[in-house]
>>> print(open('work_27.csv').read())   # CSV, C-alpha atoms
chain,number,residue,atom,x,y,z
A,180,MET,CA,0.0,0.0,0.0
A,181,PRO,CA,1.6,3.3,-1.0
A,182,VAL,CA,2.1,6.0,1.7
A,183,ARG,CA,-0.8,8.3,1.9
A,184,ARG,CA,-0.3,12.0,1.9
A,185,LEU,CA,-3.2,13.4,3.9
A,186,ALA,CA,-5.6,16.2,3.3
A,187,LEU,CA,-5.8,18.9,6.0
A,188,ALA,CA,-9.1,18.6,7.9
A,189,LEU,CA,-8.7,21.2,10.6
A,190,THR,CA,-6.6,24.3,10.8
A,191,THR,CA,-3.2,23.6,12.4
A,192,ALA,CA,-1.4,25.8,14.9
A,193,GLY,CA,-0.2,27.8,11.9
A,194,ILE,CA,3.0,29.3,10.6
A,195,LEU,CA,4.1,32.4,12.4
A,196,LEU,CA,5.0,35.3,10.0
A,197,ALA,CA,7.2,38.3,10.6
A,198,ALA,CA,8.0,41.0,8.1
A,199,VAL,CA,11.7,41.4,7.2
A,200,GLY,CA,12.9,44.6,5.6
A,201,CYS,CA,16.1,46.4,4.5
A,202,THR,CA,15.8,50.1,5.2
A,203,ALA,CA,18.5,52.8,5.1
A,204,THR,CA,19.2,54.8,8.3
A,205,ASP,CA,21.6,57.6,9.2
A,206,GLU,CA,23.2,55.2,11.7
A,207,GLY,CA,24.2,52.5,9.2
A,208,ALA,CA,23.1,48.9,9.6
A,209,ASP,CA,19.5,48.2,10.6
A,210,ARG,CA,18.6,45.0,12.4
A,211,ALA,CA,15.9,42.8,10.9
A,212,LYS,CA,14.9,39.8,12.9
A,213,GLY,CA,14.4,36.6,10.9
A,214,GLY,CA,14.1,33.1,12.3
A,215,ASP,CA,17.6,33.4,13.6
A,216,GLY,CA,18.0,37.2,13.3
A,217,THR,CA,19.5,39.0,10.3
A,218,ALA,CA,21.7,42.1,10.1
A,219,THR,CA,21.0,44.3,7.1
A,220,SER,CA,22.1,47.6,5.8
A,221,SER,CA,21.8,49.5,2.5
A,222,THR,CA,25.4,50.7,2.1
A,223,LYS,CA,25.7,49.2,-1.4
A,224,PRO,CA,23.2,49.7,-4.2
A,225,ALA,CA,20.6,47.0,-4.2
A,226,ALA,CA,20.9,46.6,-8.0
A,227,GLU,CA,24.6,45.9,-7.7
A,228,CYS,CA,24.1,43.3,-5.0
A,229,ALA,CA,21.3,41.6,-6.9
A,230,LYS,CA,23.7,40.8,-9.7
A,231,ALA,CA,26.3,39.2,-7.5
A,232,ALA,CA,26.5,35.4,-7.0
A,233,PHE,CA,26.1,33.4,-3.8
A,234,LEU,CA,28.7,30.8,-3.2
A,235,TRP,CA,27.4,27.8,-1.2
A,236,SER,CA,29.1,25.4,1.2
A,237,ASP,CA,28.2,22.9,3.9
A,238,VAL,CA,24.7,22.3,2.4
A,239,LYS,CA,22.8,19.7,4.4
A,240,ARG,CA,19.3,18.3,3.8
A,241,GLU,CA,17.8,16.2,6.7
A,242,ARG,CA,14.3,14.9,7.3
A,243,LYS,CA,13.0,15.9,10.8
A,244,LEU,CA,9.9,14.4,12.4
A,245,THR,CA,7.7,17.2,13.6
A,246,GLY,CA,4.5,15.4,14.6
A,247,VAL,CA,3.2,11.9,15.5
A,248,SER,CA,-0.3,10.5,16.1
A,249,GLU,CA,-1.6,8.0,18.5
A,250,LEU,CA,-2.8,4.6,17.1
A,251,VAL,CA,-6.0,5.0,15.2
A,252,GLU,CA,-8.3,2.0,14.8
A,253,HIS,CA,-10.4,2.1,11.6
A,254,ASP,CA,-13.3,-0.1,10.6
A,255,GLY,CA,-12.7,0.5,6.9
A,256,GLY,CA,-15.9,2.5,6.4
A,257,GLY,CA,-16.0,6.2,5.5
A,258,GLU,CA,-13.2,8.7,6.1
A,259,LEU,CA,-10.2,8.0,8.3
A,260,THR,CA,-9.3,10.9,10.6
A,261,VAL,CA,-5.8,10.9,12.1
A,262,PRO,CA,-5.0,13.5,14.8
A,263,VAL,CA,-1.3,14.4,14.7
A,264,LYS,CA,0.3,15.9,17.8
A,265,GLY,CA,3.3,18.2,17.2
A,266,THR,CA,6.6,17.3,18.9
A,267,GLY,CA,7.1,20.8,20.0
A,268,LYS,CA,10.5,21.0,18.4
A,269,GLN,CA,11.0,24.3,16.7
A,270,TYR,CA,12.8,24.8,13.4
A,271,PRO,CA,12.9,28.5,12.7
A,272,ALA,CA,13.8,29.7,9.2
A,273,GLY,CA,16.1,32.6,8.5
A,274,ALA,CA,19.4,33.8,7.4
A,275,THR,CA,22.2,35.3,9.5
A,276,GLY,CA,25.0,37.5,8.5
A,277,THR,CA,25.8,41.2,8.1
A,278,PHE,CA,24.0,42.0,4.8
A,279,LYS,CA,24.7,45.0,2.7
A,280,GLY,CA,22.1,45.8,0.1
A,281,ILE,CA,20.4,42.4,0.0
A,282,LYS,CA,17.7,40.7,2.1
A,283,ALA,CA,17.6,37.4,3.9
A,284,GLU,CA,14.7,36.4,1.6
A,285,GLN,CA,17.1,36.7,-1.3
A,286,ALA,CA,19.6,34.3,0.3
A,287,ILE,CA,16.9,31.7,0.9
A,288,ALA,CA,15.6,32.1,-2.7
A,289,ALA,CA,19.1,31.7,-4.1
A,290,LEU,CA,19.6,28.5,-2.0
A,291,GLY,CA,16.4,27.1,-3.4
A,292,LYS,CA,17.5,27.8,-7.0
A,293,HIS,CA,21.0,26.4,-6.2
A,294,LEU,CA,19.3,23.1,-5.1
A,295,GLY,CA,16.9,23.0,-8.0
A,296,ILE,CA,13.8,23.4,-5.8
A,297,SER,CA,10.9,24.5,-7.8
A,298,GLU,CA,9.8,28.1,-7.4
A,299,ASP,CA,6.3,26.7,-6.8
A,300,THR,CA,7.5,25.1,-3.6
A,301,PRO,CA,7.5,27.7,-0.9
A,302,LEU,CA,10.5,27.7,1.4
A,303,GLY,CA,10.4,28.8,5.1
A,304,GLN,CA,11.1,32.6,5.3
A,305,PRO,CA,12.6,34.7,8.1
A,306,GLY,CA,10.2,34.9,11.0
A,307,GLU,CA,8.5,31.6,10.1
A,308,HIS,CA,8.9,28.2,11.9
A,309,ALA,CA,7.8,24.8,10.8
A,310,ASP,CA,4.4,24.0,12.3
A,311,THR,CA,4.8,21.5,15.1
A,312,GLY,CA,1.4,22.1,16.7
A,313,SER,CA,-1.5,19.6,16.8
A,314,ALA,CA,-3.6,19.0,13.7
A,315,GLN,CA,-6.1,16.6,12.3
A,316,TYR,CA,-5.8,15.0,8.8
A,317,LEU,CA,-8.2,12.8,7.0
A,318,THR,CA,-8.0,10.4,4.1
A,319,THR,CA,-10.4,8.1,2.2
A,320,ASP,CA,-10.4,4.6,0.7
A,321,SER,CA,-8.6,3.1,3.7
A,322,GLY,CA,-9.1,-0.5,4.7
A,323,PRO,CA,-9.7,-1.7,8.3
A,324,GLY,CA,-6.9,-1.9,10.8
A,325,GLY,CA,-4.7,0.2,13.0
A,326,TYR,CA,-3.1,3.4,11.5
A,327,PHE,CA,-0.4,5.8,12.5
A,328,GLY,CA,0.1,9.3,11.2
A,329,TRP,CA,3.1,11.7,11.2
A,330,GLN,CA,4.3,14.9,9.7
A,331,ASP,CA,7.9,15.9,8.9
A,332,ILE,CA,10.0,18.5,7.1
A,333,GLU,CA,13.2,18.5,5.1
A,334,LEU,CA,15.4,20.8,7.1
A,335,ILE,CA,17.9,22.6,4.8
A,336,THR,CA,20.9,24.4,6.2
A,337,ALA,CA,23.8,25.9,4.3
A,338,SER,CA,26.6,28.5,4.6
A,339,PHE,CA,27.4,31.0,1.9
A,340,THR,CA,29.6,33.9,0.9
A,341,HIS,CA,28.5,36.9,-1.1
A,342,PRO,CA,30.1,40.3,-2.1
A,343,CYS,CA,27.4,42.1,-0.2
A,344,VAL,CA,27.7,40.0,3.0
A,345,GLU,CA,30.5,40.4,5.5
A,346,GLY,CA,32.2,37.1,6.3
A,347,THR,CA,30.1,33.9,6.0
A,348,GLY,CA,26.3,33.9,6.1
A,349,HIS,CA,24.1,31.0,7.1
A,350,VAL,CA,20.6,29.9,6.0
A,351,LYS,CA,18.1,27.6,7.6
A,352,THR,CA,14.8,26.8,5.8
A,353,TRP,CA,12.5,24.0,4.7
A,354,PRO,CA,9.7,23.3,2.2
A,355,ASP,CA,6.1,22.7,3.3
A,356,VAL,CA,5.3,20.4,6.2
A,357,SER,CA,4.3,17.0,4.8
A,358,PRO,CA,1.6,14.9,6.6
A,359,TYR,CA,1.2,11.2,6.0
A,360,ALA,CA,-0.6,8.0,7.3
A,361,LEU,CA,0.1,4.3,6.9
A,362,PRO,CA,-1.4,1.1,8.3
A,363,CYS,CA,0.7,-0.6,11.1
A,364,ASP,CA,0.3,-4.0,9.5
A,365,GLU,CA,2.2,-3.0,6.3
A,366,ARG,CA,6.0,-2.8,5.9
A,367,ILE,CA,7.4,0.7,5.1
A,368,ILE,CA,8.8,0.4,1.6
A,369,TRP,CA,10.8,3.2,-0.2
A,370,LYS,CA,12.3,3.9,-3.6
A,371,ASP,CA,14.1,7.1,-4.6
A,372,GLU,CA,12.0,7.9,-7.7
A,373,PRO,CA,9.5,10.6,-8.6
A,374,GLY,CA,6.3,10.2,-6.5
A,375,GLY,CA,7.8,7.5,-4.3
A,376,MET,CA,8.9,7.6,-0.7
A,377,THR,CA,12.6,8.3,-0.3
A,378,GLY,CA,14.9,6.6,2.0
A,379,ALA,CA,15.1,9.7,4.2
A,380,GLU,CA,11.3,9.9,4.4
A,381,ALA,CA,11.1,6.2,5.2
A,382,ARG,CA,13.4,6.7,8.2
A,383,THR,CA,11.1,9.4,9.7
A,384,ALA,CA,8.1,7.1,9.0
A,385,HIS,CA,9.8,4.3,10.9
A,386,GLN,CA,10.5,6.7,13.8
A,387,ALA,CA,6.8,7.4,14.0
A,388,ALA,CA,5.8,3.7,13.6
A,389,THR,CA,8.1,2.6,16.4
A,390,GLN,CA,6.4,5.1,18.7
A,391,VAL,CA,2.8,4.3,17.8
A,392,CYS,CA,2.4,0.8,16.4
A,393,PRO,CA,2.2,-2.4,18.5
A,394,LYS,CA,5.4,-4.2,19.0
A,395,GLY,CA,6.0,-6.7,16.2
A,396,SER,CA,4.0,-4.7,13.7
A,397,ALA,CA,5.2,-4.8,10.1
A,398,ALA,CA,5.6,-1.0,10.0
A,399,ALA,CA,7.9,-1.1,13.0
A,400,GLU,CA,10.4,-3.3,11.1
A,401,GLU,CA,13.3,-1.7,9.3
A,402,PRO,CA,12.1,0.0,6.1
A,403,ARG,CA,12.8,-2.0,2.9
A,404,GLU,CA,13.9,-0.6,-0.4
A,405,LYS,CA,11.5,-1.6,-3.2
A,406,ALA,CA,12.9,-4.2,-5.5
>>> encode(input="work_27.csv", output="structure tokens")
Amino acid sequence: MPVRRLALALTTAGILLAAVGCTATDEGADRAKGGDGTATSSTKPAAECAKAAFLWSDVKRERKLTGVSELVEHDGGGELTVPVKGTGKQYPAGATGTFKGIKAEQAIAALGKHLGISEDTPLGQPGEHADTGSAQYLTTDSGPGGYFGWQDIELITASFTHPCVEGTGHVKTWPDVSPYALPCDERIIWKDEPGGMTGAEARTAHQAATQVCPKGSAAAEEPREKA
């Protein structure tokens, strides 16, 4: 049975937003707080900085479990509702460094482009954090049995240099939170191909299964790669 990405049934705790700007002052650098805090100033023309290239290093992409459900018993009829409780672990997005004529959002967008992430995929922006609050998700066409649900993110961190940034800058961001559900009586199977569960996603699914499913359940066994 393929992993089910779930539809949002109730509003989650939400993603917190904070505006980030880059405004000239007589005193020089303004502070603009992103997820980690970002120093900005407009001592160089924005057009000049926009043309300059970011040079990236230490890029890491890791799946992080952000929410887990309790065991949900389903009779196979109607919709299956899976309440997912957040872990409470915070993953703030942002960019740090002393910026001159650019914004933290530009660094995040440049990282997404560098990694080939579609512009249609929103990345966490300064002032946002990955939602780890409680939520309820639902799916249809599910057979009878015990189910577990979870949500996770791909946490992306990277360092960079740029002509309009003093020293080394750092970025932390993530694509959208991804909610899923699976039956406990089925083995977690992955294959790195479009539309399939990746090995990294299978590991967070397994983390959730070992917390929720009864001991000896197929989902609690080590994930297996699809032949």
>>> closest_residue(input="work_27.csv", among="A:Pro373, A:Pro354, A:Gly346, A:Gly378", to="Thr277 in chain A", atoms="all atoms listed in the file")
A:Gly346
>>> residues_around(input="work_27.csv", residues="range 291-294 of chain A", least_positions_apart="4", cutoff="10 Å", atoms="all atoms listed in the file", output="list of chain:residue names")
A:Phe233, A:Leu234, A:Trp235, A:Val238, A:Gln285, A:Ala286, A:Ile287, A:Glu298, A:Thr300, A:Pro301, A:Leu302, A:Ile335, A:Thr352, A:Trp353, A:Pro354
>>> closest_residue(input="work_27.csv", among="A:Gly348, A:Gln269, A:Pro342, A:Gly324", to="Gly255 in chain A", atoms="all atoms listed in the file")
A:Gly324
>>> atom_distance(input="work_27.csv", atom1="CA of Thr260 in chain A", atom2="CA of Pro402 in chain A")
24.4 Å
>>> closest_residue(input="work_27.csv", among="A:Thr245, A:Thr275, A:Ser396, A:Gln390", to="Thr336 in chain A", atoms="only C-alpha atoms")
A:Thr275
>>> residues_around(input="work_27.csv", residues="range 364-368 of chain A", least_positions_apart="4", cutoff="9 Å", atoms="only C-alpha atoms", output="compact mmCIF listing (two decimals) with C-alpha atoms, keeping the file's coordinate frame")
# COMPACT_ATOMS: atom_id res chain seq x y z
CA MET A 180 0.00 0.00 0.00
CA PRO A 181 1.60 3.30 -1.00
CA VAL A 182 2.10 6.00 1.70
CA GLY A 324 -6.90 -1.90 10.80
CA GLY A 325 -4.70 0.20 13.00
CA TYR A 326 -3.10 3.40 11.50
CA MET A 376 8.90 7.60 -0.70
CA THR A 377 12.60 8.30 -0.30
CA GLY A 378 14.90 6.60 2.00
CA ALA A 381 11.10 6.20 5.20
CA ALA A 384 8.10 7.10 9.00
CA HIS A 385 9.80 4.30 10.90
CA CYS A 392 2.40 0.80 16.40
CA SER A 396 4.00 -4.70 13.70
CA ALA A 397 5.20 -4.80 10.10
CA ALA A 398 5.60 -1.00 10.00
CA ALA A 399 7.90 -1.10 13.00
CA GLU A 400 10.40 -3.30 11.10
CA GLU A 401 13.30 -1.70 9.30
CA PRO A 402 12.10 0.00 6.10
CA ARG A 403 12.80 -2.00 2.90
CA GLU A 404 13.90 -0.60 -0.40
CA LYS A 405 11.50 -1.60 -3.20
>>> closest_residue(input="work_27.csv", among="A:Ala274, A:Ala229, A:Ala379, A:Leu361", to="Glu252 in chain A", atoms="only C-alpha atoms")
A:Leu361
